[in-house]
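Trainee: What follows is a single structure, and I will ask about it in a moment.
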Amino acid sequence: MMLLWKLLLLLSFIGCLAENGKPHGPVFIHEPDDIVFPVDSEERKATLNCEAKGNPTPHYRWQRNGTDFDISLDYRYNLIGGSLVINNPVRTQDYGTYQCFVTNSFGTIVSREVKLQFAYLENFKGKSRNNVSVREGQGVVLLCGAPSHSTELKYAWIFNQFPTFVEQDNHRFVSQKTGNLYISKVKVSDVGAYICEIENTVTNKRVLSPPTPLVLRTDGVMGEYEPKIEVRFPEIVFAAKGSTVKLECFALGNPVPAISWRKIGGSFSDKVKANKTFGVLEIPNFQQKDSGTYECTAENSRGKNTARGQLVFYARPNWSRSISDAFVPIEESLQWVCKANGDPKPSHRWLKNGEPLMKEERIRVEKGALTIPAVNLSDSGMYQCLAENKHGVIYLSAELRVLASAPDFSMSPLKKLIAVSVGGEVIIECKPKASPRPTFAWMKGNVILQENERRIILEDGSLRIANVTKKDGGHYACIARNYFGSSNSTGTLMVKDPTRITIPPSDMDVTVGESTILPCQVSHDPSLSVEFAWSFNGQLIDFRRDRDHFEKVGGGSSGDLMIRNIQLKHAGRFVCMVQTTVDSASAAADLIVRVPPGPPGGVIMEEITDTTAQLSWSPGIDNHSPISMYTVQARTPFSVGWQALKTVPDIIGGDAVTATVIDLSPWVEYEFRVVASNSIGIGEPSLPSEKSRTEEALPEVGPANVSGGDGSRSELVITWEPVPEELQNGEGFGYVVAFRPAGATSWMKAAVTSADASRYVFRNESVPPFSPYEVKVGVYNNQGEGPYSSVITVFSAEEEPTVAPFNVSARSLSASEVQVFWEAIPWETNKGKVRGYEIWYWTDDENEDVASKMTSKGNHTTTKVTGLKGSTFYYMVVTAYSSAGTGPASPPVNVTTKKPPPSQAPGKIRWESASSRVVLNWDHVKAMENESEVTGYKVLYRNNRQSRTKVIETNNTSVELLLPDDAEYIIEVKTFSDGGDGISSPQIRIPRMSYPDGGKSGASASNTCTLSAFSTIVLSLSARSALW
């Protein structure tokens, strides 16, 4: 018992130390790592890091090779924080295994073991090596013989002199395992001195061996021999998870052997790769699936040899289940379970305060589980779970603190005031801090409470009172005791009138789009405030977010819910929830929303004929309003969207699940769907049925718009509109064309097999020109013939005109226009009809076969030919044409176009305006010798906001215009002559004018614009105007 109290005093003392933080045992921040120290490093110290946190602050000690050592005995050792610093490390003294121990008043933890190694590479001994003599064609191995060293080396060979390094190929190989150089078949070019270069991968130091001379023997050439594998990997290779494995294999032989690799009983994954000589097989990121037996084969024409080895996967331990600090009341149980994965499977052991956990009768250790059924104060400390296999060991740390104290309400006193409603239930919590667990008693006022059917003291010491009455109100005290002492805490229980919903919401049946109010009114204790909330299908309504549909109305003791524009999504359960600080109440109601029915399901086409289909379906959801009728719709490749169909019965009742569709088109692919309706409206359609084609039938529709005519001589052309595919009623659709001369009794018939055909031409020399024929066009398909069209009259093809137009003449109008005249041939004859005339023309220096053509449709006897060249001699002929072609040409006539108009535009234009009068002047344009003389000028002007242009013609070089002064005008001037109009001057812009006093004073305001430096003003004496 004395020991127990000493431990309690120790715990109290530790609590006093925790002014700046919660007291706890040591926890590693940084553990030491393995160190490889280069012996020739300029940094002449090695640091093993060790840092931990704890409260109180922990202290540190170190072990080397499992033994404590006093760093004060060697000046080279320093402890900085918890890290061990070794100055001027010595390989023979400091090499070994180190561990850091961290301790405070709660216990000790130990770090993982780490190694301090020294990296070095000594020089080769000796200055020369003996010659290596071989025959040409023989294989040879040149030994490197690395000097004393530590850590990994990298090998290369120099040939004769630096920096000529041996290039590895299929007959030379440098092993990174032995350092030796292997030449599978010596050639004359291989003779020379070889030097082995070694590099320490840590220190980067390089050393060179003495030269090894390779010389050829003179006693002959080595013959061919089978491969001999000189570089082989071990029979068993252990490979760590995630590591990169490299297997070497190389052989001597003549001819040079080829190296190949395979995995016994499996294949290589994509990540496996071999170097260009196949002497090294590399497996990056090694995994369990990569383990197995690997085989290297060396082969040449004399034979082959193999080497095998097994790659064994291993994985260092890694934690799959960890432990954490435990604070356990005295005499209660503790169980920690730690678990690690690895290959081989790791074993587990436990440390307490850095020492192996001693097995006791009351402490059970099984694999990774530590169990203490009843802890006592001596069990407190730092525990570590270790998981280890032959490839590594890992540590987990946790603190066990055994709690022992008298009951204490300072951190968790009873609530000073607890309110409860009449008829409710209340739990007055009593949860003091105490170890071990105390016993409890309750008092009301000065009376000790006895438990009964309404009052029960719970396992944790709390008092539960059910079906509370007004008499239960008053002062209560909880008393807690254990063998370390006792304590109590008090509080007051106030009993309030209960909250009840007096007008609850009731189930409602509404139509989509309507609005309604769900009532919720309550009675409650007047001293308490009440809050209302509503939920919908279990989710609290957010009145701000959902304000378009939901609003809380009323106030005080009313929390009614208004629902606006009700939609189908609002169907469900609404709950009114009333809350006071003491109690709560709720009431629910179901809202049924009636909408058009949902889509019917599973439309199936049961049977189909040429014009009917038997359909069935399953009813959809009626959405609380019985289905009154169904409508069947269909879609074909030829319809625009879905179309309603005729059915039997004509009106499909709401309880029906089958119907027959009628008046379908034969040989058409249909999809069907069904739409349900109720008193609310038309619902969504079902999914479409599978596509089905109606059966074939005789055609029922003949071609429309049968016509014909035209064509070439001896042809009868008959045309019609093709029958649409949806009316062809079956495969093998075509047309029957029947025709006969007018007045004949028998029909000639021809079959047109293309369903898309719209024209038939009958050619026969016996067909007279422009003769009437009676014509009709019928249809057929694989089922037989259908109807014919009505009989119409069609004329056979006309003949070309047989005579040329008479009295053709031509007159030049300008430089680019000629008027042609002729006398018409008879308009109609018994062989055809003249449709118009063609005028062919060509110049004197052109051939007739390149003549240009102009067409004059109708019975005209003159036309204007335009677009001609000025001052040019032209030949012209006229022909008549009909639908059959063109007749003979008239004798050619000739005409010469007039000289072209002047190529110079009027210049030196000057304008002057006063009031609404504008005077324009320009210089006379003198035509060149090859141009027509100027006969006058045209002045073109228009309002800038309008498109209509007015024209004034004049024989003078000036003109006066009366223009309103409220608009801007655009003016151009051009010449005209017998050869036509010349080119226009640049546009002149007359701006909008305003004049003081409207010009009434007699002094006219003027605005003069000069377009040329030599412009002059000339008043026009005469002008005539015309609309352009």
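Just so we're on the same page: first chain in the structure tokens is A, next is B, and so on; residues restart at 1 for each chain, and ligands are numbered from 1 in the order they show up.
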Extract, using only C-alpha atoms, all DNA, RNA and protein residues at most 8 Å from A:His24, discarding same-chain residues fewer than 2 positions from it, and format them as a list of chain:residue names.
Mentor: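 Neighbouring residues, sequence-local ones excluded: A:Lys22, A:Pro26, A:Gly54, A:Asn55, A:Pro56, A:Phe106, A:Glu399.
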Trainee: Save out the residues we just selected, N, CA and C atoms, as a PDB file, in the first residue's frame.
Mentor:
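Okay, out_1.pdb is ready:
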```
ATOM      1  N   LYS A  22       0.618  19.264 -21.999  1.00  0.00           N
ATOM      2  CA  LYS A  22       0.167  18.031 -21.384  1.00  0.00           C
ATOM      3  C   LYS A  22       1.360  17.093 -21.215  1.00  0.00           C
ATOM      4  N   PRO A  26       8.212  10.006 -24.065  1.00  0.00           N
ATOM      5  CA  PRO A  26       8.985  10.394 -25.253  1.00  0.00           C
ATOM      6  C   PRO A  26       8.392   9.805 -26.537  1.00  0.00           C
ATOM      7  N   GLY A  54       8.862  15.199 -25.631  1.00  0.00           N
ATOM      8  CA  GLY A  54       8.292  14.625 -24.413  1.00  0.00           C
ATOM      9  C   GLY A  54       8.136  15.701 -23.359  1.00  0.00           C
ATOM     10  N   ASN A  55       7.302  15.446 -22.380  1.00  0.00           N
ATOM     11  CA  ASN A  55       7.091  16.380 -21.272  1.00  0.00           C
ATOM     12  C   ASN A  55       6.940  15.549 -19.994  1.00  0.00           C
ATOM     13  N   PRO A  56       7.948  15.550 -19.127  1.00  0.00           N
ATOM     14  CA  PRO A  56       9.158  16.398 -19.093  1.00  0.00           C
ATOM     15  C   PRO A  56      10.097  16.120 -20.265  1.00  0.00           C
ATOM     16  N   PHE A 106       8.197   9.181 -17.761  1.00  0.00           N
ATOM     17  CA  PHE A 106       7.160   8.214 -18.133  1.00  0.00           C
ATOM     18  C   PHE A 106       7.739   6.914 -18.673  1.00  0.00           C
ATOM     19  N   GLU A 399       2.557   4.754 -25.167  1.00  0.00           N
ATOM     20  CA  GLU A 399       2.652   4.941 -23.712  1.00  0.00           C
ATOM     21  C   GLU A 399       1.439   4.321 -23.038  1.00  0.00           C
TER      22      GLU A 399
END
```
Trainee: Could you give me, as a PyMOL selection string, the residues within 6 Å of stretch 646-651 of chain A, counting only C-alpha atoms and dropping anything in the same chain fewer than 3 positions from it?
Mentor: chain A and resi 660-662
Trainee: The selected residues should be written to file as a short mmCIF file (atom, residue, chain, number, x, y, z; two decimals), in the first residue's frame (atoms: C-alpha atoms).
Mentor:
```
data_model
loop_
_atom_site.label_atom_id
_atom_site.label_comp_id
_atom_site.auth_asym_id
_atom_site.auth_seq_id
_atom_site.Cartn_x
_atom_site.Cartn_y
_atom_site.Cartn_z
CA THR A 660 -55.23 -3.24 -82.98
CA VAL A 661 -53.80 -0.48 -85.18
CA ILE A 662 -55.45 -0.17 -88.64
#
```
Trainee: When you look at stretch 971-976 of chain A with a cut-off of 9 Å (counting only C-alpha atoms), what residues show up, excluding the ones that are within fewer than 2 positions of it in the same chain? I need them as a PyMOL selection string.
Mentor: chain A and resi 901-902+904-907+909+922+925+932-942+969+978-990
Trainee: Which residues are close to A:Gly137, i.e. within 8 Å by only C-alpha atoms, leaving aside same-chain residues fewer than 3 positions away? Reply as a list in words.
Mentor: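 So, after excluding close chain neighbours, the residues are Lys185, Val186, Lys187, Val221, Met222, Gly223, Glu224 and Asn254 of chain A.
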Trainee: Would you kindly return, as a ChimeraX atom specification, each protein, DNA or RNA residue with an atom no farther than 8 Å from any atom of A:Phe173, considering only C-alpha atoms and excluding same-chain residues fewer than 6 positions away?
Mentor: /A:181-183,250,279
Trainee: Show me a table, sorted first by chain and then by increasing residue number, of the residues of stretch 97-153 of chain A having an atom at most 12 Å from stretch 374-383 of chain A, each with its shortest atom pair and the distance in Å to one decimal, counting only C-alpha atoms and written as JSON lines.
Mentor:
```
{"residue": "A:Phe101", "atom": "CA", "partner": "A:Met382", "partner_atom": "CA", "distance": 11.7}
{"residue": "A:Val102", "atom": "CA", "partner": "A:Met382", "partner_atom": "CA", "distance": 10.3}
{"residue": "A:Thr103", "atom": "CA", "partner": "A:Met382", "partner_atom": "CA", "distance": 9.2}
{"residue": "A:Asn104", "atom": "CA", "partner": "A:Met382", "partner_atom": "CA", "distance": 9.8}
{"residue": "A:Ser105", "atom": "CA", "partner": "A:Gly381", "partner_atom": "CA", "distance": 8.7}
{"residue": "A:Phe106", "atom": "CA", "partner": "A:Gly381", "partner_atom": "CA", "distance": 5.5}
{"residue": "A:Gly107", "atom": "CA", "partner": "A:Gly381", "partner_atom": "CA", "distance": 4.8}
{"residue": "A:Thr108", "atom": "CA", "partner": "A:Met382", "partner_atom": "CA", "distance": 5.7}
{"residue": "A:Ile109", "atom": "CA", "partner": "A:Met382", "partner_atom": "CA", "distance": 6.3}
{"residue": "A:Val110", "atom": "CA", "partner": "A:Met382", "partner_atom": "CA", "distance": 9.8}
```
Trainee: Please list as a list in words every residue within 7 Å of A:Ile283, counting only C-alpha atoms and excluding residues in the same chain fewer than 5 positions away.
Mentor: Thr244, Val245, Lys246, Lys271, Val272 and Lys273 of chain A
Trainee: Those residues you just picked out, can you put them in a file as a short mmCIF file (atom, residue, chain, number, x, y, z; two decimals), in the first residue's frame with N, CA, C and O atoms?
Mentor:
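Listed below is the output, part-v3.cif:
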```cif
data_model
loop_
_atom_site.label_atom_id
_atom_site.label_comp_id
_atom_site.auth_asym_id
_atom_site.auth_seq_id
_atom_site.Cartn_x
_atom_site.Cartn_y
_atom_site.Cartn_z
N THR A 244 15.72 -3.07 -58.02
CA THR A 244 16.09 -3.40 -59.39
C THR A 244 17.09 -4.54 -59.36
O THR A 244 18.14 -4.44 -58.72
N VAL A 245 16.73 -5.64 -60.02
CA VAL A 245 17.57 -6.84 -60.03
C VAL A 245 18.29 -6.93 -61.37
O VAL A 245 17.66 -6.76 -62.43
N LYS A 246 19.62 -7.20 -61.31
CA LYS A 246 20.40 -7.37 -62.53
C LYS A 246 21.10 -8.73 -62.47
O LYS A 246 21.81 -9.03 -61.51
N LYS A 271 8.26 -4.69 -68.45
CA LYS A 271 9.31 -3.88 -67.81
C LYS A 271 10.68 -4.55 -67.87
O LYS A 271 11.71 -3.90 -67.70
N VAL A 272 10.73 -5.87 -68.10
CA VAL A 272 12.01 -6.59 -68.12
C VAL A 272 12.75 -6.24 -69.40
O VAL A 272 12.17 -6.24 -70.50
N LYS A 273 14.06 -5.95 -69.28
CA LYS A 273 14.82 -5.57 -70.46
C LYS A 273 16.24 -6.14 -70.38
O LYS A 273 16.79 -6.32 -69.28
#
```
Trainee: Report as a ChimeraX atom specification all protein, DNA and RNA residues lying within 9 Å of stretch 589-605 of chain A, evaluated on only C-alpha atoms, omitting residues in the same chain fewer than 2 positions from it.
Mentor: /A:504-512,518,566-576,587,607-608,613-627,672-692
Trainee: For A:Tyr95, which of A:Val447, A:Leu143, A:Leu116, A:Leu281 is the closest residue, counting only C-alpha atoms?
Mentor: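 Looking only at the distances to A:Tyr95, the closest residue turns out to be A:Leu116.
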Trainee: Which one of A:Leu458, A:Leu961, A:Val761, A:Leu208 sits closest to A:Val919 if you count only C-alpha atoms?
Mentor: A:Leu961
